[in-house]
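Colleague: Please find my_file04.pdb (PDB, C-alpha atoms and all ligand atoms) on the next line:
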```
ATOM      1  CA  MET A   1      11.616 -28.164 263.087  1.00  0.00           C
ATOM      2  CA  ARG A   2      10.980 -30.687 265.863  1.00  0.00           C
ATOM      3  CA  MET A   3      13.805 -32.889 267.044  1.00  0.00           C
ATOM      4  CA  CYS A   4      13.264 -36.326 268.587  1.00  0.00           C
ATOM      5  CA  LEU A   5      13.618 -36.209 272.377  1.00  0.00           C
ATOM      6  CA  ARG A   6      15.081 -39.724 272.348  1.00  0.00           C
ATOM      7  CA  CYS A   7      17.582 -39.782 269.500  1.00  0.00           C
ATOM      8  CA  LYS A   8      17.756 -36.118 268.347  1.00  0.00           C
ATOM      9  CA  HIS A   9      16.724 -37.015 264.774  1.00  0.00           C
ATOM     10  CA  GLU A  10      14.450 -34.594 262.802  1.00  0.00           C
ATOM     11  CA  MET A  11      10.765 -35.516 263.272  1.00  0.00           C
ATOM     12  CA  VAL A  12       7.983 -35.697 260.674  1.00  0.00           C
ATOM     13  CA  GLU A  13       5.383 -33.066 261.634  1.00  0.00           C
ATOM     14  CA  ASN A  14       1.776 -32.141 260.755  1.00  0.00           C
ATOM     15  CA  CYS A  15       0.483 -35.678 261.230  1.00  0.00           C
ATOM     16  CA  TYR A  16      -2.937 -36.527 262.618  1.00  0.00           C
ATOM     17  CA  ILE A  17      -4.352 -39.395 264.616  1.00  0.00           C
ATOM     18  CA  GLN A  18      -7.111 -41.443 263.029  1.00  0.00           C
ATOM     19  CA  GLU A  19      -9.172 -44.038 264.825  1.00  0.00           C
ATOM     20  CA  GLN A  20      -9.347 -47.097 262.569  1.00  0.00           C
ATOM     21  CA  GLY A  21     -12.553 -48.555 264.057  1.00  0.00           C
ATOM     22  CA  VAL A  22     -15.171 -45.981 264.892  1.00  0.00           C
ATOM     23  CA  SER A  23     -14.935 -42.520 263.377  1.00  0.00           C
ATOM     24  CA  ILE A  24     -14.362 -39.835 265.987  1.00  0.00           C
ATOM     25  CA  SER A  25     -14.152 -36.056 265.949  1.00  0.00           C
ATOM     26  CA  ASP A  26     -10.813 -34.332 265.541  1.00  0.00           C
ATOM     27  CA  VAL A  27      -8.951 -34.132 268.833  1.00  0.00           C
ATOM     28  CA  VAL A  28      -8.601 -30.615 270.248  1.00  0.00           C
ATOM     29  CA  ILE A  29      -7.277 -29.065 273.445  1.00  0.00           C
ATOM     30  CA  VAL A  30      -9.961 -26.829 274.955  1.00  0.00           C
ATOM     31  CA  GLU A  31      -8.885 -23.676 276.777  1.00  0.00           C
ATOM     32  CA  LYS A  32     -11.356 -21.409 278.529  1.00  0.00           C
ATOM     33  CA  ASP A  33     -10.530 -17.720 278.445  1.00  0.00           C
ATOM     34  CA  GLU A  34     -11.384 -15.137 281.107  1.00  0.00           C
ATOM     35  CA  ASP A  35     -14.932 -14.873 279.665  1.00  0.00           C
ATOM     36  CA  TYR A  36     -15.292 -18.683 279.919  1.00  0.00           C
ATOM     37  CA  LYS A  37     -15.400 -18.881 276.135  1.00  0.00           C
ATOM     38  CA  LYS A  38     -13.739 -21.924 274.667  1.00  0.00           C
ATOM     39  CA  ILE A  39     -10.603 -21.653 272.571  1.00  0.00           C
ATOM     40  CA  LEU A  40      -9.971 -24.819 270.559  1.00  0.00           C
ATOM     41  CA  HIS A  41      -6.446 -25.896 269.680  1.00  0.00           C
ATOM     42  CA  PRO A  42      -6.321 -28.739 267.132  1.00  0.00           C
ATOM     43  CA  VAL A  43      -3.893 -31.412 268.311  1.00  0.00           C
ATOM     44  CA  LYS A  44      -1.243 -32.487 265.824  1.00  0.00           C
ATOM     45  CA  ALA A  45       1.222 -35.342 266.021  1.00  0.00           C
ATOM     46  CA  ALA A  46       4.844 -35.784 265.049  1.00  0.00           C
ATOM     47  CA  TYR A  47       6.913 -38.943 264.839  1.00  0.00           C
ATOM     48  CA  CYS A  48      10.567 -39.761 264.556  1.00  0.00           C
ATOM     49  CA  PRO A  49      11.266 -41.797 261.398  1.00  0.00           C
ATOM     50  CA  LYS A  50      14.411 -43.223 263.004  1.00  0.00           C
ATOM     51  CA  CYS A  51      13.219 -44.578 266.389  1.00  0.00           C
ATOM     52  CA  GLY A  52       9.420 -44.220 266.223  1.00  0.00           C
ATOM     53  CA  TYR A  53       9.082 -41.819 269.147  1.00  0.00           C
ATOM     54  CA  THR A  54       5.735 -40.018 268.825  1.00  0.00           C
ATOM     55  CA  GLU A  55       4.517 -36.813 270.428  1.00  0.00           C
ATOM     56  CA  PHE A  56       1.509 -34.477 270.308  1.00  0.00           C
ATOM     57  CA  TYR A  57       1.643 -30.695 269.922  1.00  0.00           C
ATOM     58  CA  ILE A  58      -0.459 -27.685 268.962  1.00  0.00           C
ATOM     59  CA  ASN A  59       0.395 -24.871 266.579  1.00  0.00           C
ATOM     60  CA  VAL A  60       1.380 -22.232 269.148  1.00  0.00           C
ATOM     61  CA  GLU A  61       2.015 -19.479 266.585  1.00  0.00           C
ATOM     62  CA  LYS A  62      -1.491 -19.846 265.115  1.00  0.00           C
ATOM     63  CA  SER A  63      -3.097 -20.081 268.576  1.00  0.00           C
ATOM     64  CA  SER A  64      -1.209 -16.993 269.751  1.00  0.00           C
ATOM     65  CA  ALA A  65      -2.225 -15.036 266.626  1.00  0.00           C
ATOM     66  CA  GLU A  66      -5.907 -15.920 267.143  1.00  0.00           C
ATOM     67  CA  LYS A  67      -5.683 -15.009 270.830  1.00  0.00           C
ATOM     68  CA  LYS A  68      -3.971 -11.672 270.021  1.00  0.00           C
ATOM     69  CA  ALA A  69      -6.666 -10.848 267.428  1.00  0.00           C
ATOM     70  CA  LYS A  70      -9.357 -11.538 270.054  1.00  0.00           C
ATOM     71  CA  ASP A  71      -7.514  -9.460 272.686  1.00  0.00           C
ATOM     72  CA  ASP A  72      -7.182  -6.574 270.193  1.00  0.00           C
ATOM     73  CA  PHE A  73     -10.914  -6.795 269.422  1.00  0.00           C
ATOM     74  CA  VAL A  74     -11.836  -6.737 273.141  1.00  0.00           C
ATOM     75  CA  SER A  75      -9.426  -3.849 273.677  1.00  0.00           C
ATOM     76  CA  ARG A  76     -11.073  -1.851 270.865  1.00  0.00           C
ATOM     77  CA  ILE A  77     -14.545  -2.499 272.320  1.00  0.00           C
ATOM     78  CA  ASN A  78     -13.401  -1.436 275.799  1.00  0.00           C
ATOM     79  CA  ARG A  79     -11.833   1.722 274.353  1.00  0.00           C
ATOM     80  CA  ALA A  80     -15.056   2.498 272.438  1.00  0.00           C
ATOM     81  CA  SER A  81     -17.090   2.031 275.659  1.00  0.00           C
ATOM     82  CA  ILE A  82     -14.803   4.394 277.548  1.00  0.00           C
ATOM     83  CA  MET A  83     -15.083   6.989 274.765  1.00  0.00           C
ATOM     84  CA  GLU A  84     -18.919   6.725 274.940  1.00  0.00           C
ATOM     85  CA  GLU A  85     -18.799   7.300 278.701  1.00  0.00           C
ATOM     86  CA  ILE A  86     -16.630  10.382 278.196  1.00  0.00           C
ATOM     87  CA  ASP A  87     -19.021  11.823 275.562  1.00  0.00           C
TER      88      ASP A  87
HETATM   89 ZN    ZN B   1      14.057 -40.673 267.474  1.00  0.00          ZN
END
```
Go through the file and emit its structure as structure tokens.
Ligand SMILES: [Zn+2]

Modeller:
Amino acid sequence: MRMCLRCKHEMVENCYIQEQGVSISDVVIVEKDEDYKKILHPVKAAYCPKCGYTEFYINVEKSSAEKKAKDDFVSRINRASIMEEID
């Protein structure tokens, strides 16, 4: 649950921004990992129904889960490479 930074009211989450004139791609935050591969974080919006304050955010739990899955995969590959070198 997100609380309004201005008035402390509960915010409405999982909203998106839509350009009304020209259609544009979904907005994402791009993060480059240590291999310079891009990790895309879809940007979401939330607004306060009481005062109208609006903010952007990303789903940190989902991003962290995807990053952990990738780290686990890389870790398994590295372990397999080490085991090949030992054999
Ligand atoms: Zn507010």

Colleague: For segment 6-15 of chain A, work out the shell of residues within 10 Å, counting all atoms listed in the file and skipping chain neighbours fewer than 5 positions away, then give it as a PyMOL selection string.

Modeller: chain A and resi 1+43-59

Colleague: Quick one: what's the axis-aligned box for segment 41-44 of chain A, all listed atoms, 8 Å on every side, centre and edges in Å to one decimal, as lines of an AutoDock Vina configuration file?

Modeller:
```
center_x = -3.8
center_y = -29.2
center_z = 267.8
size_x = 21.2
size_y = 22.6
size_z = 19.9
```

Colleague: With the PyMOL selection byres (((chain A and resi 27) around 7) and not hetatm) as the selection, what would be picked from this file? Answer as number ranges by chain, please.

Modeller: A: 25-26, 28, 42-43

Colleague: Would you compute the distance between atom ZN of ligand ZN 1 (chain B) and atom CA of Met3 of chain A? Give it in Å to one decimal.

Modeller: 7.8 Å

Colleague: Quick one: residues within 7 Å of Ile39 of chain A, all atoms listed in the file counted, chain neighbours fewer than 5 positions away excluded, as a PyMOL selection string?

Modeller: chain A and resi 30-32

Colleague: Take atom CA of Glu34 of chain A and atom CA of Ser75 of chain A and report the distance between them in Å, one decimal.

Modeller: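 For atom CA of Glu34 of chain A relative to atom CA of Ser75 of chain A, the distance reads 13.7 Å.
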
Colleague: Calculated over all atoms listed in the file, which of the candidates A:Cys4, A:Lys38, A:Gly21, A:Tyr16 has the smallest distance to ligand ZN 1 (chain B)?

Modeller: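 Closest to ligand ZN 1 (chain B) of all the choices is A:Cys4.
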
Colleague: Give the answer as one residue: which of A:Leu5, A:Ala80, A:Ile17, A:Val60 has the shortest atom-to-atom distance to ligand ZN 1 (chain B), using only C-alpha atoms and all ligand atoms?

Modeller: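 Closest residue, counting only C-alpha atoms and all ligand atoms: A:Leu5.
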
Colleague: Calculated over only C-alpha atoms and all ligand atoms, which of the candidates A:Arg2, A:Arg76, A:Glu61, A:Gln18 has the smallest distance to ligand ZN 1 (chain B)?

Modeller: A:Arg2
